[in-house]
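Novice: I am sharing upload-v1.cif, which consists of mmCIF, C-alpha atoms:
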```cif
data_structure
#
loop_
_atom_site.label_atom_id
_atom_site.label_comp_id
_atom_site.auth_asym_id
_atom_site.auth_seq_id
_atom_site.Cartn_x
_atom_site.Cartn_y
_atom_site.Cartn_z
CA MET C 243 16.60 0.85 6.11
CA ASP C 244 17.56 2.67 9.28
CA TRP C 245 15.52 0.57 11.68
CA ASP C 246 16.61 2.56 14.73
CA ALA C 247 15.28 5.76 13.21
CA LEU C 248 11.98 4.08 12.30
CA PHE C 249 11.64 2.71 15.82
CA GLN C 250 12.35 6.15 17.29
CA ALA C 251 9.85 7.83 14.98
CA ALA C 252 7.07 5.39 15.87
CA SER C 253 7.77 5.62 19.61
CA SER C 254 8.00 9.41 19.59
CA SER C 255 4.70 9.76 17.73
CA ALA C 256 3.02 7.53 20.31
CA LEU C 257 4.62 9.44 23.20
CA ILE C 258 3.36 12.76 21.85
CA ALA C 259 -0.10 11.26 21.32
CA TRP C 260 -0.29 9.99 24.90
CA ALA C 261 0.92 13.30 26.32
CA ALA C 262 -1.80 15.05 24.33
CA LEU C 263 -4.45 12.55 25.40
CA ILE C 264 -3.56 12.88 29.06
CA LEU C 265 -2.85 16.62 29.27
CA LEU C 266 -4.76 18.50 26.58
CA PRO C 267 -8.49 19.24 26.42
CA ARG C 268 -10.45 16.61 24.50
CA TRP C 269 -10.82 18.70 21.38
CA SER C 270 -12.70 16.70 18.83
CA VAL C 271 -10.09 17.47 16.18
CA LEU C 272 -7.37 16.13 18.48
CA VAL C 273 -9.19 12.89 19.29
CA ARG C 274 -10.00 12.35 15.63
CA THR C 275 -6.45 13.04 14.53
CA LEU C 276 -5.19 10.45 17.00
CA ARG C 277 -7.89 7.88 16.22
CA TYR C 278 -8.06 8.12 12.45
CA GLY C 279 -4.76 9.81 11.59
CA LEU C 280 -2.08 8.43 13.88
CA LEU C 281 -3.66 5.00 14.41
CA SER C 282 -4.06 4.59 10.64
CA ALA C 283 -0.45 5.62 10.09
CA LEU C 284 0.76 3.13 12.70
CA ALA C 285 -1.45 0.42 11.22
CA LEU C 286 -0.10 1.08 7.72
CA LEU C 287 3.45 0.94 9.07
CA TYR C 288 2.65 -2.37 10.76
CA VAL C 289 1.06 -3.88 7.64
CA THR C 290 3.93 -2.73 5.46
CA LEU C 291 6.53 -4.29 7.77
CA ILE C 292 4.56 -7.54 8.07
CA PHE C 293 3.97 -7.79 4.31
CA GLY C 294 7.62 -7.12 3.64
CA TYR C 295 9.36 -9.22 6.29
CA PHE C 296 7.15 -11.56 8.31
CA PHE C 297 7.11 -14.45 5.83
CA SER C 298 10.81 -14.31 5.05
CA ILE C 299 11.91 -15.44 8.52
CA ASP C 300 13.12 -19.00 8.80
CA GLY C 301 11.42 -20.79 11.67
CA GLY C 302 9.20 -17.78 12.42
CA GLY C 303 5.61 -18.26 13.60
CA PHE C 304 3.16 -17.89 16.48
CA ASN C 305 3.07 -21.46 17.75
CA SER C 306 6.01 -21.69 20.16
CA ILE C 307 8.42 -19.53 22.09
CA ALA C 308 11.14 -20.51 19.65
CA GLU C 309 9.05 -19.39 16.64
CA VAL C 310 8.13 -16.06 18.21
CA ARG C 311 11.76 -15.54 19.27
CA ALA C 312 12.82 -16.15 15.68
CA LEU C 313 10.41 -13.40 14.56
CA PHE C 314 11.71 -10.94 17.12
CA ALA C 315 15.28 -11.62 16.10
CA SER C 316 14.49 -9.64 12.95
CA ASP C 317 14.64 -5.85 13.38
CA PRO C 318 11.76 -5.03 11.03
CA VAL C 319 9.46 -7.66 12.55
CA LEU C 320 10.45 -6.57 16.06
CA ILE C 321 9.47 -3.01 15.11
CA ALA C 322 6.21 -4.36 13.66
CA GLY C 323 5.49 -6.05 16.99
CA TRP C 324 6.34 -2.85 18.84
CA VAL C 325 4.10 -0.79 16.56
CA HIS C 326 1.35 -3.33 17.23
CA TYR C 327 1.67 -2.55 20.96
CA LEU C 328 1.78 1.18 20.34
CA ALA C 329 -1.28 1.17 18.08
CA PHE C 330 -3.47 -1.10 20.17
CA ASP C 331 -2.50 0.52 23.48
CA LEU C 332 -3.34 3.93 22.05
CA PHE C 333 -6.64 2.61 20.72
CA VAL C 334 -7.52 1.32 24.19
CA GLY C 335 -6.42 4.64 25.69
CA LEU C 336 -8.72 6.54 23.34
CA TRP C 337 -11.56 4.18 24.16
CA ILE C 338 -11.02 4.65 27.90
CA ALA C 339 -10.83 8.43 27.51
CA GLU C 340 -14.05 8.53 25.49
CA ARG C 341 -15.95 6.33 27.94
CA ALA C 342 -14.54 8.12 30.96
CA ASP C 343 -15.52 11.53 29.53
CA ALA C 344 -19.03 10.30 28.80
CA ILE C 345 -19.48 9.07 32.36
CA GLY C 346 -18.00 12.26 33.73
CA PHE C 347 -14.84 10.83 35.26
CA SER C 348 -12.48 13.53 36.49
CA ARG C 349 -9.46 14.08 34.26
CA LEU C 350 -7.42 13.78 37.44
CA LEU C 351 -8.59 10.19 37.88
CA GLN C 352 -8.22 9.48 34.16
CA ALA C 353 -4.57 10.54 34.11
CA PRO C 354 -3.07 7.63 36.12
CA ILE C 355 -5.35 5.11 34.38
CA LEU C 356 -4.24 6.39 30.97
CA ALA C 357 -0.62 6.49 32.07
CA GLY C 358 -0.98 2.85 33.17
CA THR C 359 -2.38 1.98 29.74
CA PHE C 360 0.47 3.82 28.03
CA MET C 361 3.16 2.03 29.99
CA PHE C 362 1.64 -1.42 30.52
CA GLY C 363 -1.49 -1.65 28.33
CA PRO C 364 -3.57 -4.30 30.12
CA LEU C 365 -2.83 -2.76 33.52
CA GLY C 366 -4.61 0.44 32.53
CA LEU C 367 -7.57 -1.45 31.12
CA LEU C 368 -7.81 -3.49 34.32
CA LEU C 369 -7.69 -0.32 36.42
CA PHE C 370 -10.42 1.29 34.32
CA HIS C 371 -12.69 -1.74 34.62
CA ALA C 372 -12.06 -1.92 38.39
CA VAL C 373 -12.98 1.74 38.82
CA LEU C 374 -16.07 1.30 36.64
CA ALA C 375 -17.22 -1.71 38.67
CA ALA C 376 -16.61 0.10 41.94
CA GLY C 377 -18.57 3.08 40.67
CA ARG C 378 -21.53 0.89 39.77
CA ALA C 379 -21.45 -0.88 43.12
CA GLY C 380 -21.20 2.46 44.92
CA ARG C 381 -24.17 3.81 42.99
CA ARG C 382 -26.31 0.81 43.88
CA ALA C 383 -25.31 1.11 47.53
CA ALA C 384 -26.24 4.81 47.50
CA PHE C 385 -29.71 4.07 46.07
CA GLN C 386 -30.38 1.38 48.67
CA GLY C 387 -29.37 3.86 51.34
CA ASP C 388 -31.92 6.37 49.94
CA HIS C 389 -34.75 3.88 50.29
CA GLN C 390 -34.08 2.90 53.87
CA MET E 288 -15.90 11.54 43.10
CA ILE E 289 -18.78 9.21 43.88
CA SER E 290 -21.23 11.64 42.34
CA MET E 291 -19.23 11.50 39.10
CA LEU E 292 -19.26 7.75 39.17
CA ALA E 293 -23.00 7.71 39.68
CA ALA E 294 -23.72 8.87 36.13
CA PRO E 295 -25.00 6.31 33.60
CA VAL E 296 -22.24 3.93 32.72
CA LEU E 297 -22.80 3.39 29.03
CA ALA E 298 -21.14 6.17 27.10
CA ARG E 299 -22.78 5.88 23.74
CA PRO E 300 -25.30 3.24 22.75
CA LEU E 301 -24.17 1.24 19.74
CA ARG E 302 -26.60 1.91 16.95
CA ALA E 303 -27.10 -0.54 14.15
CA ALA E 304 -25.64 1.15 11.09
CA ALA E 305 -28.19 2.04 8.46
CA VAL E 306 -28.19 -0.54 5.68
CA LEU E 307 -25.56 0.53 3.19
CA ASP E 308 -26.70 1.32 -0.30
CA ALA E 309 -24.90 0.00 -3.35
CA ARG E 310 -22.84 3.16 -3.86
CA ALA E 311 -21.54 3.04 -0.28
CA ILE E 312 -20.55 -0.59 -0.81
CA ALA E 313 -18.62 0.32 -3.96
CA LEU E 314 -16.86 3.13 -2.10
CA GLN E 315 -15.91 0.64 0.60
CA GLY E 316 -14.29 -1.33 -2.21
CA VAL E 317 -12.23 1.73 -3.20
CA ALA E 318 -11.15 2.24 0.43
CA LEU E 319 -10.14 -1.40 0.87
CA MET E 320 -8.05 -1.31 -2.29
CA LEU E 321 -6.27 1.86 -1.17
CA VAL E 322 -5.30 0.11 2.09
CA PHE E 323 -3.61 -2.63 0.06
CA LEU E 324 -2.14 -0.15 -2.43
CA VAL E 325 -0.10 1.83 0.12
CA PRO E 326 2.15 -1.00 1.40
CA ALA E 327 2.48 -2.39 -2.13
CA LEU E 328 3.85 0.98 -3.29
CA VAL E 329 6.03 1.61 -0.23
CA LEU E 330 7.60 -1.85 -0.35
CA GLN E 331 8.62 -1.79 -4.02
CA PRO E 332 11.90 0.07 -3.45
CA ILE E 333 12.53 -1.56 -0.02
CA ASP E 334 11.68 -5.27 -0.28
CA PRO E 335 14.41 -6.94 -2.39
CA ARG E 336 12.38 -10.05 -3.27
CA LEU E 337 11.59 -10.59 -6.95
CA LEU E 338 9.11 -12.62 -8.98
CA ASN E 339 9.78 -12.95 -12.70
CA GLU E 340 12.67 -10.58 -12.00
CA ILE E 341 10.55 -7.64 -10.84
CA SER E 342 9.50 -6.65 -7.31
CA VAL E 343 6.94 -9.02 -5.79
CA TRP E 344 4.90 -5.87 -4.99
CA VAL E 345 4.32 -4.72 -8.56
CA LYS E 346 1.38 -7.06 -9.07
CA PRO E 347 -0.47 -6.20 -5.82
CA ALA E 348 -0.05 -2.50 -6.61
CA LYS E 349 -1.43 -2.91 -10.14
CA PHE E 350 -4.38 -4.99 -8.95
CA ALA E 351 -5.18 -2.68 -6.04
CA LEU E 352 -5.15 0.33 -8.36
CA SER E 353 -7.17 -1.43 -11.04
CA LEU E 354 -9.78 -2.72 -8.57
CA ALA E 355 -10.01 0.70 -6.91
CA LEU E 356 -10.78 2.11 -10.36
CA HIS E 357 -13.31 -0.68 -10.95
CA TYR E 358 -15.20 0.07 -7.72
CA ALA E 359 -15.02 3.82 -8.37
CA THR E 360 -16.60 3.12 -11.77
CA LEU E 361 -19.34 1.04 -10.13
CA ALA E 362 -19.96 3.77 -7.54
CA TRP E 363 -20.42 6.28 -10.34
CA ALA E 364 -22.44 4.04 -12.64
CA ILE E 365 -25.02 3.02 -10.02
CA GLY E 366 -26.20 6.63 -10.08
CA LEU E 367 -27.31 6.22 -13.70
CA LEU E 368 -29.97 3.67 -12.81
CA ALA E 369 -33.65 4.32 -12.21
CA PRO E 370 -34.26 4.79 -8.46
CA ALA E 371 -36.13 1.50 -8.09
CA TRP E 372 -33.06 -0.39 -9.29
CA ARG E 373 -30.52 1.89 -7.69
CA GLN E 374 -32.03 1.54 -4.22
CA GLY E 375 -33.21 -2.04 -4.42
CA ASP E 376 -31.90 -5.11 -2.63
CA TYR E 377 -30.83 -6.69 -5.91
CA MET E 378 -28.10 -4.12 -6.60
CA ARG E 379 -27.06 -4.02 -2.96
CA ARG E 380 -26.49 -7.78 -2.97
CA SER E 381 -24.81 -7.72 -6.34
CA PHE E 382 -22.42 -4.95 -5.21
CA LEU E 383 -21.67 -6.83 -2.00
CA LEU E 384 -20.85 -9.95 -3.98
CA SER E 385 -18.52 -7.95 -6.21
CA LEU E 386 -16.88 -6.39 -3.15
CA CYS E 387 -16.25 -9.79 -1.58
CA ALA E 388 -14.81 -11.17 -4.82
CA GLY E 389 -12.41 -8.25 -5.22
CA PHE E 390 -11.50 -8.36 -1.54
CA PHE E 391 -10.51 -12.00 -1.89
CA GLU E 392 -8.47 -11.29 -5.04
CA ILE E 393 -6.41 -8.49 -3.54
CA ALA E 394 -6.00 -10.28 -0.19
CA TYR E 395 -4.67 -13.45 -1.82
CA ILE E 396 -2.47 -11.56 -4.29
CA SER E 397 -1.00 -9.51 -1.41
CA LEU E 398 -0.54 -12.53 0.86
CA GLN E 399 1.28 -14.39 -1.88
CA ALA E 400 3.48 -11.38 -2.57
CA ALA E 401 4.25 -11.16 1.15
CA ARG E 402 5.22 -14.83 1.03
CA GLY E 403 7.34 -14.15 -2.06
CA ARG E 404 5.26 -16.55 -4.15
CA ALA E 405 3.23 -16.25 -7.33
CA SER E 406 -0.55 -16.00 -7.14
CA HIS E 407 -1.54 -16.53 -10.77
CA PHE E 408 -0.29 -19.66 -12.55
CA ASN E 409 0.90 -21.04 -9.23
CA GLU E 410 -0.12 -24.67 -8.84
CA ALA E 411 2.89 -25.71 -6.78
CA THR E 412 0.93 -26.85 -3.72
CA THR E 413 -2.62 -28.14 -3.27
CA ALA E 414 -3.64 -25.00 -1.39
CA GLU E 415 -2.19 -22.72 -4.06
CA MET E 416 -3.85 -24.76 -6.80
CA VAL E 417 -7.24 -24.47 -5.09
CA LEU E 418 -6.79 -20.75 -4.35
CA TYR E 419 -5.69 -20.03 -7.91
CA SER E 420 -8.94 -21.55 -9.15
CA VAL E 421 -10.92 -19.61 -6.52
CA MET E 422 -9.27 -16.49 -7.95
CA GLY E 423 -10.71 -17.49 -11.31
CA VAL E 424 -14.17 -17.75 -9.76
CA GLY E 425 -13.71 -14.34 -8.10
CA ALA E 426 -12.66 -12.77 -11.39
CA VAL E 427 -15.72 -14.22 -13.13
CA ILE E 428 -17.97 -12.81 -10.38
CA LEU E 429 -16.39 -9.37 -10.86
CA VAL E 430 -17.07 -9.23 -14.59
CA VAL E 431 -20.49 -10.91 -14.47
CA GLN E 432 -21.52 -8.29 -11.92
CA SER E 433 -20.24 -5.35 -13.98
CA PHE E 434 -21.87 -6.84 -17.10
CA ASP E 435 -25.15 -7.07 -15.23
CA LEU E 436 -24.91 -3.47 -14.05
CA GLY E 437 -24.26 -2.32 -17.64
CA ARG E 438 -27.25 -4.29 -18.87
CA HIS E 439 -29.48 -2.61 -16.30
CA ILE E 440 -28.19 0.83 -17.27
CA LEU E 441 -29.15 0.15 -20.89
CA LYS E 442 -32.54 -1.21 -19.86
CA SER E 443 -33.59 0.92 -16.89
CA PRO E 444 -31.65 4.20 -16.81
CA ARG E 445 -32.81 7.07 -14.67
CA ARG E 446 -34.95 9.68 -16.33
CA GLU E 447 -33.32 12.49 -18.32
CA LEU E 448 -30.03 10.68 -18.57
CA ASP E 449 -28.02 11.95 -21.52
CA ALA E 450 -27.77 9.52 -24.40
CA GLY E 451 -23.98 9.44 -24.54
CA VAL E 452 -23.46 8.60 -20.89
CA ARG E 453 -26.24 6.03 -20.96
CA LEU E 454 -24.85 4.20 -23.96
CA GLY E 455 -21.22 4.76 -22.94
CA ALA E 456 -21.73 3.35 -19.44
CA GLY E 457 -24.12 0.60 -20.52
CA LEU E 458 -22.08 -0.54 -23.47
CA GLY E 459 -18.75 0.11 -21.71
CA LEU E 460 -19.65 -2.11 -18.76
CA THR E 461 -21.20 -4.91 -20.82
CA LEU E 462 -18.65 -4.94 -23.62
CA GLY E 463 -15.71 -4.40 -21.26
CA SER E 464 -16.86 -7.27 -19.05
CA VAL E 465 -17.36 -9.70 -21.91
CA ALA E 466 -14.03 -8.76 -23.50
CA THR E 467 -12.30 -9.16 -20.12
CA LEU E 468 -13.88 -12.56 -19.58
CA VAL E 469 -12.65 -13.69 -22.99
CA THR E 470 -9.13 -12.22 -22.89
CA ALA E 471 -8.42 -13.02 -19.23
CA GLY E 472 -10.02 -16.43 -19.67
CA ILE E 473 -7.75 -17.26 -22.59
CA MET E 474 -4.72 -16.02 -20.66
CA GLY E 475 -5.69 -17.94 -17.50
CA SER E 476 -6.34 -21.16 -19.42
CA GLY E 477 -2.73 -21.12 -20.61
CA ALA E 478 -3.96 -22.38 -23.99
CA VAL E 479 -2.00 -19.98 -26.18
CA PRO E 480 1.53 -20.62 -24.88
CA ALA E 481 0.71 -24.33 -24.57
CA ALA E 482 -0.41 -24.59 -28.21
CA LEU E 483 2.74 -22.81 -29.36
CA GLY E 484 5.05 -24.87 -27.18
CA TYR E 485 5.94 -22.08 -24.74
CA PRO E 486 5.94 -22.41 -20.92
CA GLU E 487 2.80 -21.42 -18.99
CA GLY E 488 2.40 -17.73 -18.22
CA HIS E 489 1.32 -14.46 -19.77
CA TRP E 490 4.21 -14.44 -22.24
CA VAL E 491 4.10 -15.74 -25.78
CA GLY E 492 7.74 -16.12 -26.71
CA GLY E 493 10.30 -13.42 -26.05
CA THR E 494 12.23 -13.20 -22.79
CA LEU E 495 10.38 -14.99 -19.99
CA SER E 496 10.90 -12.14 -17.57
CA ASP E 497 8.97 -9.07 -16.46
CA ALA E 498 12.17 -7.08 -16.16
CA GLY E 499 12.61 -4.64 -19.03
CA GLY E 500 8.85 -4.31 -19.55
CA LEU E 501 7.10 -1.11 -20.52
CA PRO E 502 7.13 1.53 -17.77
CA LEU E 503 4.12 1.23 -15.38
CA LEU E 504 2.31 -1.29 -17.56
CA GLY E 505 5.13 -3.82 -17.42
CA TRP E 506 4.26 -5.51 -20.71
CA SER E 507 6.94 -7.52 -22.48
CA THR E 508 9.00 -5.57 -24.98
CA SER E 509 10.56 -8.65 -26.54
CA GLY E 510 7.62 -11.02 -27.15
CA GLY E 511 3.85 -11.45 -27.01
CA ASP E 512 2.09 -10.53 -23.76
CA LEU E 513 -1.49 -11.68 -23.15
CA ARG E 514 -1.96 -9.01 -20.50
CA VAL E 515 -2.18 -6.31 -23.18
CA PRO E 516 -5.63 -7.27 -24.55
CA HIS E 517 -6.79 -7.92 -20.96
CA PHE E 518 -5.86 -4.34 -20.07
CA PHE E 519 -7.62 -2.79 -23.06
CA SER E 520 -10.68 -5.00 -22.52
CA THR E 521 -11.03 -4.19 -18.84
CA HIS E 522 -10.59 -0.46 -19.21
CA ILE E 523 -13.31 -0.22 -21.86
CA MET E 524 -15.38 0.01 -18.68
CA GLN E 525 -13.85 3.45 -18.03
CA MET E 526 -12.96 4.67 -21.51
CA LEU E 527 -16.38 4.26 -23.12
CA PRO E 528 -18.36 5.98 -20.31
CA LEU E 529 -15.82 8.81 -20.40
CA LEU E 530 -16.25 9.12 -24.17
CA GLY E 531 -20.04 9.20 -23.75
CA TRP E 532 -19.79 11.87 -21.08
CA LEU E 533 -17.49 14.01 -23.23
CA ALA E 534 -19.74 13.55 -26.27
CA ASP E 535 -22.80 14.71 -24.30
CA ARG E 536 -20.92 17.88 -23.48
CA TRP E 537 -19.40 18.76 -26.82
CA ARG E 538 -21.31 16.84 -29.50
CA PRO E 539 -24.68 16.04 -27.93
CA GLY E 540 -26.31 15.49 -31.33
CA GLN E 541 -23.84 12.78 -32.31
CA ALA E 542 -23.27 11.27 -28.87
CA ARG E 543 -24.70 7.86 -29.68
CA GLY E 544 -22.79 7.62 -32.93
CA LEU E 545 -19.55 8.65 -31.25
CA VAL E 546 -19.99 6.05 -28.52
CA LEU E 547 -20.74 3.33 -31.05
CA ALA E 548 -17.70 4.35 -33.08
CA GLY E 549 -15.61 4.38 -29.90
CA ALA E 550 -16.86 0.92 -28.96
CA ALA E 551 -15.95 -0.42 -32.40
CA LEU E 552 -12.51 1.18 -32.16
CA LEU E 553 -11.82 -0.20 -28.68
CA LEU E 554 -12.98 -3.64 -29.74
CA ALA E 555 -10.64 -3.40 -32.73
CA VAL E 556 -7.78 -2.52 -30.36
CA VAL E 557 -8.60 -5.56 -28.20
CA ILE E 558 -8.65 -7.83 -31.25
CA ALA E 559 -5.50 -6.31 -32.72
CA THR E 560 -3.54 -6.60 -29.45
CA SER E 561 -4.82 -10.18 -29.01
CA VAL E 562 -3.58 -11.14 -32.46
CA GLN E 563 -0.32 -9.32 -31.80
CA ALA E 564 0.20 -11.24 -28.54
CA VAL E 565 -0.68 -14.61 -30.06
CA LEU E 566 1.80 -13.93 -32.87
CA GLY E 567 4.45 -13.40 -30.21
CA GLN E 568 4.86 -9.71 -31.02
CA PRO E 569 5.33 -7.16 -28.22
CA PHE E 570 2.94 -4.21 -27.93
CA LEU E 571 5.96 -1.96 -28.36
CA ARG E 572 9.35 -3.40 -29.19
CA LEU E 573 12.09 -1.62 -27.34
CA SER E 574 15.63 -2.53 -28.17
#
```
Write out the structure in this file as structure tokens.

Specialist:
Amino acid sequence: MDWDALFQAASSSALIAWAALILLPRWSVLVRTLRYGLLSALALLYVTLIFGYFFSIDGGGFNSIAEVRALFASDPVLIAGWVHYLAFDLFVGLWIAERADAIGFSRLLQAPILAGTFMFGPLGLLLFHAVLAAGRAGRRAAFQGDHQ
Amino acid sequence: MISMLAAPVLARPLRAAAVLDARAIALQGVALMLVFLVPALVLQPIDPRLLNEISVWVKPAKFALSLALHYATLAWAIGLLAPAWRQGDYMRRSFLLSLCAGFFEIAYISLQAARGRASHFNEATTAEMVLYSVMGVGAVILVVQSFDLGRHILKSPRRELDAGVRLGAGLGLTLGSVATLVTAGIMGSGAVPAALGYPEGHWVGGTLSDAGGLPLLGWSTSGGDLRVPHFFSTHIMQMLPLLGWLADRWRPGQARGLVLAGAALLLAVVIATSVQAVLGQPFLRLS
């Protein structure tokens, strides 16, 4: 197997997906293709790599740094781990986009939050939750102001 | 910006999904099997690990395909029942039980393949011994459930159901389930090779390897193979309903007779291939 090519293919597909999610209109066909098409493809790639290679690694496991390092010393399992990031980050990005659209968040505000999710997954999620909480607090403050 | 943030926060309320009917549950079974089928097919040319000298992924692929076919058959056959049975809780629970049994089978078979270890006839560790016997329980649940569905189709079919399909599906599911229980039970017990002094497995004599088996089916071409009668038994569940359906179309007057003749023929094939396997003869000898 050409692991480099597989890695590149997975990364490129995710990059294109994120560019589309951040820049293009939220066409339902686009969101569905990303959610059910690309995420399923990434998940199948992950499962295939795990089924094929995970259990063959001597000293591999999830219970210590040494065990996880042993897993990542294998190219196919390293790609599986990378695809895991790509798939779950994209899932979170789609979730944020859907919620943000429903609330009526500006796409201008969504862009940096989604970019943060793309680059550093949890950072984007944290930003989204912070903005949501601030919005709620602001709304409450506005109502109290109305009543005074 | 604040005005945008002031909109209701919850995007879409989570609705409790409507209770799934039996057909939807069977279709979920098909979908689950397809998820396991894809990696099992993709890995065959890539993963170099072997069991019995063939790819570890051959068995998961065969089981995923076979169980997908089983659930597709159930999804079709539930439509032959009278509405009271088709829509009732009894069938929903029975289908769910079948789904869980098949899910366990394919999950354990795939996990063991991923670990490069055998699933059937593997009693090397305590866990594997226990899980192998749980697989036996799961297999029994699968065939008891399909037997029960067949029985209900014979007893309470929907109105205006053609005679051939009714008998083909009813008899196919009951007969196929019983024949599977017997043939797979004999194979799983290991009694035949043990009585003849051969090592435990699906082979009866011949080369103790799955390499050089028949294309796709994988049956031994040098000795007896107890998987042959299992295959013909299990797929009575598809062949007989299909025969009934065809008979309704082209020979409606003789549909019942054709189905009964087909059932007798298929049963004869099961018996003949059983005898053949026990005698240590391959289904087809290729030299």

Novice: C:Leu286, C:Ala252, C:Leu265, C:Ile321: which is nearest C:Arg349, counting all atoms listed in the file?

Specialist: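 Result for the nearest residue to C:Arg349: C:Leu265.
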
Novice: Might you spell out which residues the PyMOL selection byres ((chain E and resi 491) around 10) would select in the displayed file, as a ChimeraX atom specification?

Specialist: /E:479-481,483-490,492-495,507,509-513,563-569

Novice: Set the distance at 7 Å and use all atoms listed in the file: which residues neighbour stretch 461-477 of chain E once local chain neighbours fewer than 2 positions away are removed? I'd like the list as a VMD selection string.

Specialist: chain E and resid 427 430 to 431 433 to 434 437 to 438 457 to 459 479 to 481 487 to 489 513 516 to 517 520 to 524

Novice: Given the file shown, determine the residues that the PyMOL selection byres ((chain C) within 10 of (chain E)) selects; report them as a VMD selection string.

Specialist: chain C and resid 243 282 285 to 298 340 to 348 351 373 to 382 384 to 385

Novice: Could you tell me, as a CSV table (one decimal) with C-alpha atoms, keeping the file's coordinate frame, exactly which residues end up selected when the PyMOL selection byres ((chain C and resi 364-372) around 9) is applied to this structure?

Specialist:
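Contents of part_10.csv, freshly written:
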```
chain,number,residue,atom,x,y,z
C,331,ASP,CA,-2.5,0.5,23.5
C,334,VAL,CA,-7.5,1.3,24.2
C,335,GLY,CA,-6.4,4.6,25.7
C,338,ILE,CA,-11.0,4.6,27.9
C,342,ALA,CA,-14.5,8.1,31.0
C,352,GLN,CA,-8.2,9.5,34.2
C,354,PRO,CA,-3.1,7.6,36.1
C,355,ILE,CA,-5.4,5.1,34.4
C,356,LEU,CA,-4.2,6.4,31.0
C,357,ALA,CA,-0.6,6.5,32.1
C,358,GLY,CA,-1.0,2.8,33.2
C,359,THR,CA,-2.4,2.0,29.7
C,360,PHE,CA,0.5,3.8,28.0
C,361,MET,CA,3.2,2.0,30.0
C,362,PHE,CA,1.6,-1.4,30.5
C,363,GLY,CA,-1.5,-1.6,28.3
C,373,VAL,CA,-13.0,1.7,38.8
C,374,LEU,CA,-16.1,1.3,36.6
C,375,ALA,CA,-17.2,-1.7,38.7
C,376,ALA,CA,-16.6,0.1,41.9
C,377,GLY,CA,-18.6,3.1,40.7
```

Novice: Please measure the separation of atom CA of E:Cys387 and atom CA of E:Ile428, giving the value in Å to one decimal.

Specialist: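 That distance, rounded to one decimal, is 9.5 Å.
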
Novice: Would you give the centre and edge lengths, in Å to one decimal, of a box along x, y and z around the listed atoms of stretch 356-364 of chain E, with 6 Å added to each side, as JSON?

Specialist:
```
{"center_x": -16.6, "center_y": 2.8, "center_z": -10.1, "size_x": 23.7, "size_y": 19.0, "size_z": 17.1}
```

Novice: Quick one: residues within 12 Å of E:Pro444, all atoms listed in the file, excluding same-chain residues fewer than 4 positions away - as a list in words?

Specialist: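 Using all atoms listed in the file, the neighbours found are Ala364, Ile365, Gly366, Leu367, Leu368, Ala369, Pro370, Ala371, Trp372, Arg373, Leu436, Gly437, Arg438, His439, Ile440, Leu448, Asp449, Ala450, Val452, Arg453, Leu454, Ala456 and Gly457 of chain E.
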
Novice: Find the spatial neighbours of E:Phe519, counting only C-alpha atoms, within a cut-off of 8 Å - ignore same-chain residues fewer than 4 positions away - and output them as a PDB file with C-alpha atoms, keeping the file's coordinate frame.

Specialist:
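Result written to out-v8.pdb:
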```pdb
ATOM      1  CA  VAL E 515      -2.180  -6.310 -23.180  1.00  0.00           C
ATOM      2  CA  ILE E 523     -13.310  -0.220 -21.860  1.00  0.00           C
ATOM      3  CA  LEU E 553     -11.820  -0.200 -28.680  1.00  0.00           C
ATOM      4  CA  VAL E 556      -7.780  -2.520 -30.360  1.00  0.00           C
ATOM      5  CA  VAL E 557      -8.600  -5.560 -28.200  1.00  0.00           C
TER       6      VAL E 557
END
```

Novice: Name all residues at most 12 Å from E:Leu533 (count all atoms listed in the file; drop same-chain ones fewer than 2 positions away) and give them as a PyMOL selection string.

Specialist: chain E and resi 449-452+455+526-531+535-539+541-543+545-546+549

Novice: For E:Tyr358, work out the shell of residues within 7 Å, counting all atoms listed in the file and skipping chain neighbours fewer than 4 positions away, then give it as a list in words.

Specialist: Ala313, Leu314, Gly316, Val317, Leu354 and Ala362 of chain E

Novice: What separation in Å, quoted to one decimal, exists between atom CA of E:Gln432 and atom CA of E:Ser385?

Specialist: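 Between atom CA of E:Gln432 and atom CA of E:Ser385 the gap is 6.5 Å.
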
Novice: So how far away is atom CA of E:Leu321 from atom CA of C:Ala259, in Å?

Specialist: 25.1 Å

Novice: Pick out the closest residue to E:Ala414 from this set: E:Leu503, E:Ala559, E:Tyr395, E:Ala359. Count all atoms listed in the file.

Specialist: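 With all atoms listed in the file as the atom set, the closest residue is E:Tyr395.
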